[in-house]
Every structure is written in C-alpha cells, then in structure tokens.
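A.B. asks: What follows is structure28.cif, made up of mmCIF, N, CA and C atoms:
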```
data_coords
loop_
_atom_site.group_PDB
_atom_site.id
_atom_site.type_symbol
_atom_site.label_atom_id
_atom_site.label_comp_id
_atom_site.auth_asym_id
_atom_site.auth_seq_id
_atom_site.Cartn_x
_atom_site.Cartn_y
_atom_site.Cartn_z
ATOM 1 N N MET A 13 47.969 254.770 218.046
ATOM 2 C CA MET A 13 49.402 254.884 217.838
ATOM 3 C C MET A 13 49.863 253.742 216.940
ATOM 4 N N TYR A 14 50.673 254.072 215.969
ATOM 5 C CA TYR A 14 51.217 253.079 215.048
ATOM 6 C C TYR A 14 52.630 252.703 215.503
ATOM 7 N N TYR A 15 52.883 251.416 215.625
ATOM 8 C CA TYR A 15 54.197 250.927 216.029
ATOM 9 C C TYR A 15 54.878 250.218 214.869
ATOM 10 N N ARG A 16 56.194 250.224 214.907
ATOM 11 C CA ARG A 16 57.000 249.555 213.886
ATOM 12 C C ARG A 16 57.858 248.494 214.574
ATOM 13 N N ARG A 17 58.128 247.422 213.841
ATOM 14 C CA ARG A 17 59.013 246.371 214.343
ATOM 15 C C ARG A 17 60.436 246.636 213.843
ATOM 16 N N PHE A 18 61.380 246.615 214.761
ATOM 17 C CA PHE A 18 62.789 246.811 214.421
ATOM 18 C C PHE A 18 63.576 245.571 214.799
ATOM 19 N N TRP A 19 64.577 245.269 213.983
ATOM 20 C CA TRP A 19 65.512 244.200 214.296
ATOM 21 C C TRP A 19 66.914 244.805 214.285
ATOM 22 N N PHE A 20 67.632 244.591 215.371
ATOM 23 C CA PHE A 20 68.981 245.121 215.510
ATOM 24 C C PHE A 20 69.968 243.971 215.660
ATOM 25 N N GLU A 21 71.111 244.113 215.007
ATOM 26 C CA GLU A 21 72.231 243.196 215.214
ATOM 27 C C GLU A 21 73.423 244.047 215.614
ATOM 28 N N PHE A 22 74.204 243.525 216.560
ATOM 29 C CA PHE A 22 75.263 244.303 217.189
ATOM 30 C C PHE A 22 76.639 243.703 216.941
ATOM 31 N N GLU A 23 77.630 244.568 217.058
ATOM 32 C CA GLU A 23 79.017 244.122 217.053
ATOM 33 C C GLU A 23 79.393 243.853 218.504
ATOM 34 N N ILE A 24 79.483 242.570 218.849
ATOM 35 C CA ILE A 24 79.796 242.168 220.221
ATOM 36 C C ILE A 24 81.028 241.269 220.163
ATOM 37 N N ALA A 25 82.058 241.657 220.869
ATOM 38 C CA ALA A 25 83.290 240.863 220.897
ATOM 39 C C ALA A 25 83.003 239.489 221.504
ATOM 40 N N PRO A 26 83.597 238.440 220.957
ATOM 41 C CA PRO A 26 83.361 237.085 221.481
ATOM 42 C C PRO A 26 83.696 236.933 222.963
ATOM 43 N N ASP A 27 84.643 237.729 223.450
ATOM 44 C CA ASP A 27 85.044 237.616 224.850
ATOM 45 C C ASP A 27 84.328 238.613 225.764
ATOM 46 N N ASP A 28 83.322 239.307 225.233
ATOM 47 C CA ASP A 28 82.557 240.267 226.039
ATOM 48 C C ASP A 28 81.464 239.523 226.795
ATOM 49 N N HIS A 29 81.702 239.284 228.062
ATOM 50 C CA HIS A 29 80.746 238.530 228.882
ATOM 51 C C HIS A 29 79.793 239.437 229.656
ATOM 52 N N ASN A 30 79.867 240.755 229.401
ATOM 53 C CA ASN A 30 78.966 241.701 230.053
ATOM 54 C C ASN A 30 77.637 241.816 229.311
ATOM 55 N N VAL A 31 77.579 241.302 228.098
ATOM 56 C CA VAL A 31 76.379 241.413 227.260
ATOM 57 C C VAL A 31 75.652 240.069 227.262
ATOM 58 N N ASP A 32 74.343 240.108 227.415
ATOM 59 C CA ASP A 32 73.498 238.914 227.372
ATOM 60 C C ASP A 32 73.823 238.112 226.115
ATOM 61 N N VAL A 33 74.206 236.866 226.288
ATOM 62 C CA VAL A 33 74.628 236.022 225.170
ATOM 63 C C VAL A 33 73.531 235.908 224.100
ATOM 64 N N ARG A 34 72.277 236.013 224.494
ATOM 65 C CA ARG A 34 71.170 235.911 223.529
ATOM 66 C C ARG A 34 71.181 237.067 222.538
ATOM 67 N N LEU A 35 71.794 238.182 222.900
ATOM 68 C CA LEU A 35 71.850 239.342 222.006
ATOM 69 C C LEU A 35 72.805 239.132 220.843
ATOM 70 N N ARG A 36 73.579 238.060 220.878
ATOM 71 C CA ARG A 36 74.446 237.741 219.743
ATOM 72 C C ARG A 36 73.613 237.348 218.534
ATOM 73 N N HIS A 37 72.378 236.934 218.758
ATOM 74 C CA HIS A 37 71.450 236.622 217.663
ATOM 75 C C HIS A 37 70.791 237.878 217.120
ATOM 76 N N GLY A 38 70.693 238.918 217.943
ATOM 77 C CA GLY A 38 70.019 240.152 217.575
ATOM 78 C C GLY A 38 69.015 240.539 218.640
ATOM 79 N N CYS A 39 68.282 241.600 218.359
ATOM 80 C CA CYS A 39 67.290 242.094 219.313
ATOM 81 C C CYS A 39 66.104 242.659 218.553
ATOM 82 N N GLY A 40 64.906 242.237 218.932
ATOM 83 C CA GLY A 40 63.678 242.723 218.316
ATOM 84 C C GLY A 40 62.989 243.726 219.224
ATOM 85 N N VAL A 41 62.623 244.859 218.649
ATOM 86 C CA VAL A 41 62.009 245.952 219.412
ATOM 87 C C VAL A 41 60.813 246.485 218.636
ATOM 88 N N THR A 42 59.727 246.743 219.329
ATOM 89 C CA THR A 42 58.583 247.406 218.719
ATOM 90 C C THR A 42 58.441 248.773 219.371
ATOM 91 N N ALA A 43 58.395 249.803 218.522
ATOM 92 C CA ALA A 43 58.324 251.177 219.029
ATOM 93 C C ALA A 43 57.753 252.094 217.950
ATOM 94 N N GLU A 44 57.582 253.354 218.321
ATOM 95 C CA GLU A 44 56.998 254.341 217.413
ATOM 96 C C GLU A 44 57.916 254.655 216.228
ATOM 97 N N ASP A 45 59.213 254.725 216.480
ATOM 98 C CA ASP A 45 60.180 255.054 215.433
ATOM 99 C C ASP A 45 61.562 254.589 215.892
ATOM 100 N N PHE A 46 62.580 254.814 215.054
ATOM 101 C CA PHE A 46 63.926 254.359 215.367
ATOM 102 C C PHE A 46 64.421 254.949 216.689
ATOM 103 N N ASP A 47 64.214 256.232 216.892
ATOM 104 C CA ASP A 47 64.697 256.875 218.122
ATOM 105 C C ASP A 47 64.080 256.253 219.365
ATOM 106 N N ALA A 48 62.782 255.989 219.321
ATOM 107 C CA ALA A 48 62.105 255.371 220.471
ATOM 108 C C ALA A 48 62.608 253.944 220.684
ATOM 109 N N ALA A 49 62.873 253.225 219.603
ATOM 110 C CA ALA A 49 63.410 251.862 219.711
ATOM 111 C C ALA A 49 64.805 251.899 220.338
ATOM 112 N N TYR A 50 65.619 252.850 219.927
ATOM 113 C CA TYR A 50 66.970 252.969 220.471
ATOM 114 C C TYR A 50 66.927 253.296 221.965
ATOM 115 N N ILE A 51 66.017 254.162 222.356
ATOM 116 C CA ILE A 51 65.871 254.488 223.779
ATOM 117 C C ILE A 51 65.467 253.253 224.572
ATOM 118 N N LEU A 52 64.566 252.437 224.023
ATOM 119 C CA LEU A 52 64.197 251.186 224.694
ATOM 120 C C LEU A 52 65.420 250.282 224.852
ATOM 121 N N LEU A 53 66.248 250.203 223.815
ATOM 122 C CA LEU A 53 67.483 249.416 223.923
ATOM 123 C C LEU A 53 68.352 249.937 225.059
ATOM 124 N N GLN A 54 68.559 251.252 225.079
ATOM 125 C CA GLN A 54 69.405 251.864 226.112
ATOM 126 C C GLN A 54 68.875 251.613 227.517
ATOM 127 N N GLU A 55 67.593 251.879 227.698
ATOM 128 C CA GLU A 55 67.015 251.855 229.046
ATOM 129 C C GLU A 55 66.642 250.461 229.537
ATOM 130 N N THR A 56 66.269 249.583 228.624
ATOM 131 C CA THR A 56 65.737 248.286 229.023
ATOM 132 C C THR A 56 66.739 247.153 228.884
ATOM 133 N N VAL A 57 67.456 247.119 227.775
ATOM 134 C CA VAL A 57 68.358 246.003 227.499
ATOM 135 C C VAL A 57 69.767 246.283 228.014
ATOM 136 N N PHE A 58 70.294 247.446 227.722
ATOM 137 C CA PHE A 58 71.687 247.754 228.053
ATOM 138 C C PHE A 58 71.817 248.697 229.245
ATOM 139 N N LYS A 59 70.895 248.653 230.181
ATOM 140 C CA LYS A 59 70.908 249.517 231.378
ATOM 141 C C LYS A 59 72.328 249.787 231.848
ATOM 142 N N ASN A 60 72.789 250.852 232.162
ATOM 143 C CA ASN A 60 74.120 251.114 232.734
ATOM 144 C C ASN A 60 75.298 250.746 231.837
ATOM 145 N N MET A 61 75.071 250.344 230.591
ATOM 146 C CA MET A 61 76.166 250.030 229.668
ATOM 147 C C MET A 61 75.899 250.747 228.348
ATOM 148 N N PRO A 62 76.940 251.077 227.609
ATOM 149 C CA PRO A 62 76.702 251.653 226.287
ATOM 150 C C PRO A 62 76.134 250.598 225.334
ATOM 151 N N VAL A 63 75.289 251.019 224.427
ATOM 152 C CA VAL A 63 74.768 250.110 223.398
ATOM 153 C C VAL A 63 75.930 249.786 222.469
ATOM 154 N N PRO A 64 76.183 248.484 222.206
ATOM 155 C CA PRO A 64 77.265 248.136 221.280
ATOM 156 C C PRO A 64 76.994 248.723 219.897
ATOM 157 N N PRO A 65 78.031 248.868 219.084
ATOM 158 C CA PRO A 65 77.809 249.358 217.723
ATOM 159 C C PRO A 65 76.776 248.502 216.996
ATOM 160 N N ILE A 66 75.876 249.157 216.289
ATOM 161 C CA ILE A 66 74.832 248.450 215.541
ATOM 162 C C ILE A 66 75.377 248.106 214.162
ATOM 163 N N LEU A 67 75.416 246.805 213.858
ATOM 164 C CA LEU A 67 75.869 246.342 212.545
ATOM 165 C C LEU A 67 74.750 246.404 211.516
ATOM 166 N N LYS A 68 73.523 246.133 211.987
ATOM 167 C CA LYS A 68 72.382 246.109 211.084
ATOM 168 C C LYS A 68 71.139 246.527 211.841
ATOM 169 N N SER A 69 70.318 247.347 211.210
ATOM 170 C CA SER A 69 68.990 247.648 211.762
ATOM 171 C C SER A 69 68.000 247.553 210.619
ATOM 172 N N ILE A 70 66.909 246.857 210.887
ATOM 173 C CA ILE A 70 65.866 246.672 209.879
ATOM 174 C C ILE A 70 64.573 247.229 210.437
ATOM 175 N N GLU A 71 64.033 248.217 209.768
ATOM 176 C CA GLU A 71 62.750 248.799 210.157
ATOM 177 C C GLU A 71 61.642 248.025 209.456
ATOM 178 N N ASP A 72 60.543 247.771 210.155
ATOM 179 C CA ASP A 72 59.418 246.986 209.624
ATOM 180 C C ASP A 72 59.882 245.593 209.207
ATOM 181 N N VAL A 73 60.705 244.986 210.054
ATOM 182 C CA VAL A 73 61.241 243.663 209.749
ATOM 183 C C VAL A 73 60.109 242.658 209.542
ATOM 184 N N ASP A 74 60.273 241.823 208.537
ATOM 185 C CA ASP A 74 59.348 240.711 208.289
ATOM 186 C C ASP A 74 59.786 239.587 209.224
ATOM 187 N N ILE A 75 58.971 239.284 210.209
ATOM 188 C CA ILE A 75 59.297 238.292 211.229
ATOM 189 C C ILE A 75 59.677 236.954 210.597
ATOM 190 N N ALA A 76 59.051 236.602 209.496
ATOM 191 C CA ALA A 76 59.307 235.319 208.839
ATOM 192 C C ALA A 76 60.743 235.197 208.333
ATOM 193 N N THR A 77 61.459 236.311 208.201
ATOM 194 C CA THR A 77 62.832 236.257 207.709
ATOM 195 C C THR A 77 63.845 236.010 208.824
ATOM 196 N N LEU A 78 63.403 236.008 210.068
ATOM 197 C CA LEU A 78 64.318 235.813 211.193
ATOM 198 C C LEU A 78 64.598 234.327 211.399
ATOM 199 N N ASP A 79 65.657 234.038 212.124
ATOM 200 C CA ASP A 79 66.112 232.667 212.367
ATOM 201 C C ASP A 79 64.973 231.788 212.902
ATOM 202 N N GLY A 80 64.620 230.775 212.122
ATOM 203 C CA GLY A 80 63.514 229.894 212.487
ATOM 204 C C GLY A 80 63.864 228.863 213.532
ATOM 205 N N ASN A 81 65.139 228.643 213.770
ATOM 206 C CA ASN A 81 65.551 227.638 214.746
ATOM 207 C C ASN A 81 65.702 228.191 216.147
ATOM 208 N N TYR A 82 66.038 229.473 216.259
ATOM 209 C CA TYR A 82 66.243 230.036 217.594
ATOM 210 C C TYR A 82 65.366 231.245 217.874
ATOM 211 N N VAL A 83 65.352 232.224 216.974
ATOM 212 C CA VAL A 83 64.635 233.471 217.250
ATOM 213 C C VAL A 83 63.120 233.242 217.276
ATOM 214 N N LEU A 84 62.572 232.702 216.209
ATOM 215 C CA LEU A 84 61.103 232.574 216.121
ATOM 216 C C LEU A 84 60.486 231.783 217.267
ATOM 217 N N PRO A 85 61.047 230.627 217.648
ATOM 218 C CA PRO A 85 60.408 229.894 218.751
ATOM 219 C C PRO A 85 60.640 230.504 220.136
ATOM 220 N N ASN A 86 61.509 231.500 220.223
ATOM 221 C CA ASN A 86 61.860 232.067 221.532
ATOM 222 C C ASN A 86 61.559 233.555 221.656
ATOM 223 N N MET A 87 60.658 234.060 220.837
ATOM 224 C CA MET A 87 60.367 235.490 220.899
ATOM 225 C C MET A 87 59.002 235.751 221.531
ATOM 226 N N GLY A 88 58.848 236.976 222.014
ATOM 227 C CA GLY A 88 57.578 237.408 222.580
ATOM 228 C C GLY A 88 56.692 237.998 221.490
ATOM 229 N N LEU A 89 55.722 238.787 221.893
ATOM 230 C CA LEU A 89 54.769 239.376 220.950
ATOM 231 C C LEU A 89 55.326 240.652 220.316
ATOM 232 N N PRO A 90 55.495 240.658 218.994
ATOM 233 C CA PRO A 90 56.014 241.853 218.334
ATOM 234 C C PRO A 90 54.950 242.915 218.065
ATOM 235 N N LEU A 91 53.733 242.691 218.536
ATOM 236 C CA LEU A 91 52.640 243.635 218.292
ATOM 237 C C LEU A 91 52.536 244.721 219.354
ATOM 238 N N ILE A 92 53.197 244.508 220.490
ATOM 239 C CA ILE A 92 53.109 245.490 221.561
ATOM 240 C C ILE A 92 54.457 246.191 221.737
ATOM 241 N N ARG A 93 54.418 247.411 222.218
ATOM 242 C CA ARG A 93 55.633 248.209 222.401
ATOM 243 C C ARG A 93 56.545 247.533 223.411
ATOM 244 N N GLY A 94 57.801 247.383 223.038
ATOM 245 C CA GLY A 94 58.779 246.808 223.941
ATOM 246 C C GLY A 94 59.750 245.885 223.231
ATOM 247 N N ILE A 95 60.486 245.134 224.023
ATOM 248 C CA ILE A 95 61.487 244.193 223.525
ATOM 249 C C ILE A 95 60.813 242.829 223.368
ATOM 250 N N TRP A 96 60.812 242.279 222.163
ATOM 251 C CA TRP A 96 60.195 240.968 221.950
ATOM 252 C C TRP A 96 61.207 239.866 221.699
ATOM 253 N N PHE A 97 62.447 240.229 221.459
ATOM 254 C CA PHE A 97 63.525 239.243 221.428
ATOM 255 C C PHE A 97 64.795 239.923 221.885
ATOM 256 N N PRO A 98 65.495 239.314 222.817
ATOM 257 C CA PRO A 98 65.099 238.138 223.590
ATOM 258 C C PRO A 98 64.032 238.491 224.615
ATOM 259 N N VAL A 99 63.292 237.511 225.036
ATOM 260 C CA VAL A 99 62.226 237.751 226.004
ATOM 261 C C VAL A 99 62.823 237.986 227.392
ATOM 262 N N GLY A 100 62.032 238.605 228.238
ATOM 263 C CA GLY A 100 62.439 238.825 229.620
ATOM 264 C C GLY A 100 62.767 240.260 229.964
ATOM 265 N N TYR A 101 62.845 241.123 228.973
ATOM 266 C CA TYR A 101 63.190 242.517 229.245
ATOM 267 C C TYR A 101 61.966 243.387 229.521
ATOM 268 N N ASN A 102 60.777 242.902 229.258
ATOM 269 C CA ASN A 102 59.568 243.699 229.497
ATOM 270 C C ASN A 102 58.950 243.420 230.858
ATOM 271 N N ASP A 103 59.549 242.495 231.610
ATOM 272 C CA ASP A 103 58.967 242.124 232.902
ATOM 273 C C ASP A 103 59.216 243.181 233.965
#
```
I'd like the structure from this file rewritten - as structure tokens, please.
C.D. replies:
Amino acid sequence: MYYRRFWFEFEIAPDDHNVDVRLRHGCGVTAEDFDAAYILLQETVFKNMPVPPILKSIEDVDIATLDGNYVLPNMGLPLIRGIWFPVGYND
C-alpha cells in the first residue's frame, strides 16, 4: 500500500477553546488519499466535533518545509498511516 503525507491548516477562531491548541500550527496525516486522511481527521482528531474549515491542504508535503522550531521537533513518524502532528492521536 502506498501512503501519502498530508498537511492541513485550519481556520480556528482565537477564542475557540474546544480545539487542541497545537492544531493552530496545523496537522500532519499519512493516509492512502485525501478522503482517507480527512476521515482520520474526523474520527481521530476531531471526534464528536465538526472539522474546522480547511485553509490549506498540501498533498505529498515536503517535511523539510514545515516549521523547524515547533513542528519538526514535535512530530511523530510520517511513514506510517495516522496522525503524525500533533503527536498523541495514534495512541
């Protein structure tokens, strides 16, 4: 099975405290295609809440282009299916 790396950025209101603050940086997902990545977002990250509007989605994101001060040192493995940023959603 071939997986793709996706990077999502969301429109999250500054006063929205229902959303994990780490998602203000974005969310990294590895999945078969966009639809599978979106389902992972729905089921794993935003359980019981609607997915916020997506401002940006990058398919086959080059990891080196992501924030080197926060995202890169705090991400999981982007080679396996699941959420690799922020960490903690695959447990």
A.B. asks: Evaluated on this file, the PyMOL selection byres (((chain A and resi 98 and name CA) around 7) and name CA) picks out some residues - which ones are they, written as a list in words?
C.D. replies: Arg34, Cys39, Met87, Trp96, Phe97, Val99 and Gly100 of chain A
A.B. asks: Starting from the point (67.5, 231.7, 215.6), work out which residues of protein, DNA or RNA have an atom no more than 12 Å away when counting only C-alpha atoms; state them as a list in words.
C.D. replies: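 Residues satisfying the cut-off, written out: Arg34, Leu35, Arg36, His37, Gly38, Cys39, Gly40, Ile75, Ala76, Thr77, Leu78, Asp79, Gly80, Asn81, Tyr82, Val83, Leu84, Pro85, Asn86, Met87, Phe97 and Pro98 of chain A.
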A.B. asks: Translate the PyMOL selection byres (((chain A and resi 89-93 and name CA) around 7) and name CA), as applied to the file shown, into an explicit residue set as a list of chain:residue names.
C.D. replies: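 Those residues are A:Arg17, A:Thr42, A:Ala43, A:Met87, A:Gly88, A:Gly94, A:Trp96.
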A.B. asks: Mind dumping the selected residues with N, CA and C atoms as a CSV table (one decimal), in the coordinates of the input?
C.D. replies:
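Below is the file selection.csv, written as the result:
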```csv
chain,number,residue,atom,x,y,z
A,17,ARG,N,58.1,247.4,213.8
A,17,ARG,CA,59.0,246.4,214.3
A,17,ARG,C,60.4,246.6,213.8
A,42,THR,N,59.7,246.7,219.3
A,42,THR,CA,58.6,247.4,218.7
A,42,THR,C,58.4,248.8,219.4
A,43,ALA,N,58.4,249.8,218.5
A,43,ALA,CA,58.3,251.2,219.0
A,43,ALA,C,57.8,252.1,218.0
A,87,MET,N,60.7,234.1,220.8
A,87,MET,CA,60.4,235.5,220.9
A,87,MET,C,59.0,235.8,221.5
A,88,GLY,N,58.8,237.0,222.0
A,88,GLY,CA,57.6,237.4,222.6
A,88,GLY,C,56.7,238.0,221.5
A,94,GLY,N,57.8,247.4,223.0
A,94,GLY,CA,58.8,246.8,223.9
A,94,GLY,C,59.8,245.9,223.2
A,96,TRP,N,60.8,242.3,222.2
A,96,TRP,CA,60.2,241.0,222.0
A,96,TRP,C,61.2,239.9,221.7
```
A.B. asks: Evaluated on this file, the PyMOL selection byres (((chain A and resi 70 and name CA) around 6) and name CA) picks out some residues - which ones are they, written as a PDB file with N, CA and C atoms, keeping the file's coordinate frame?
C.D. replies:
```
ATOM      1  N   PHE A  18      61.380 246.615 214.761  1.00  0.00           N
ATOM      2  CA  PHE A  18      62.789 246.811 214.421  1.00  0.00           C
ATOM      3  C   PHE A  18      63.576 245.571 214.799  1.00  0.00           C
ATOM      4  N   TRP A  19      64.577 245.269 213.983  1.00  0.00           N
ATOM      5  CA  TRP A  19      65.512 244.200 214.296  1.00  0.00           C
ATOM      6  C   TRP A  19      66.914 244.805 214.285  1.00  0.00           C
ATOM      7  N   SER A  69      70.318 247.347 211.210  1.00  0.00           N
ATOM      8  CA  SER A  69      68.990 247.648 211.762  1.00  0.00           C
ATOM      9  C   SER A  69      68.000 247.553 210.619  1.00  0.00           C
ATOM     10  N   GLU A  71      64.033 248.217 209.768  1.00  0.00           N
ATOM     11  CA  GLU A  71      62.750 248.799 210.157  1.00  0.00           C
ATOM     12  C   GLU A  71      61.642 248.025 209.456  1.00  0.00           C
ATOM     13  N   VAL A  73      60.705 244.986 210.054  1.00  0.00           N
ATOM     14  CA  VAL A  73      61.241 243.663 209.749  1.00  0.00           C
ATOM     15  C   VAL A  73      60.109 242.658 209.542  1.00  0.00           C
TER      16      VAL A  73
END
```
A.B. asks: Please provide the set of residues having any atom within 6.5 Å of Pro64 (chain A), restricted to all atoms listed in the file, with same-chain residues fewer than 3 positions apart removed, written as a PyMOL selection string.
C.D. replies: chain A and resi 22-24
A.B. asks: Between atom N of Leu52 (chain A) and atom N of Phe20 (chain A), what is the spacing in Å?
C.D. replies: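 These two atoms are separated by 12.1 Å.
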A.B. asks: Write down as a ChimeraX atom specification the residues belonging to chain A that are assigned strand (DSSP E) by DSSP computed on the backbone.
C.D. replies: /A:16-22,39-43,66-71,94-97
A.B. asks: State, in Å with one decimal place, the distance from CA of Asp45 (chain A) to atom N of Arg16 (chain A).
C.D. replies: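 Straight-line distance from CA of Asp45 (chain A) to atom N of Arg16 (chain A) works out to 6.3 Å.
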A.B. asks: How far is it from atom N of Ala48 (chain A) to CA of Tyr15 (chain A), in Å with one decimal?
C.D. replies: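 Answer for the atom N of Ala48 (chain A) to CA of Tyr15 (chain A) separation: 10.5 Å.
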A.B. asks: Kindly indicate which residue among A:Asp103, A:Asn60, A:Pro65, A:Gln54 lies nearest to Glu21 (chain A), using only N, CA and C atoms for the distances.
C.D. replies: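 Closest residue, counting only N, CA and C atoms: A:Pro65.
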A.B. asks: Around all the atoms of region 13-31 of chain A listed in the file, draw an axis-aligned box and extend it by 4 Å on each of the six sides; I want its centre and edge lengths in Å to one decimal, as JSON.
C.D. replies:
```
{"center_x": 66.5, "center_y": 245.9, "center_z": 221.9, "size_x": 45.1, "size_y": 26.0, "size_z": 24.2}
```
A.B. asks: Please extract the residues of chain A with a backbone DSSP assignment of alpha helix (DSSP H) and present them as a list in words.
C.D. replies: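 Answer for chain A, restricted to alpha helix (DSSP H): Phe46, Asp47, Ala48, Ala49, Tyr50, Ile51 and Leu52 of chain A.
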A.B. asks: List as a list in words the protein and nucleic acid residues near Tyr101 (chain A), meaning an atom at most 7 Å away when all atoms listed in the file are counted, but skip any in the same chain fewer than 4 places from it.
C.D. replies: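 Non-adjacent residues within range: Thr56, Val57 and Ile95 of chain A.
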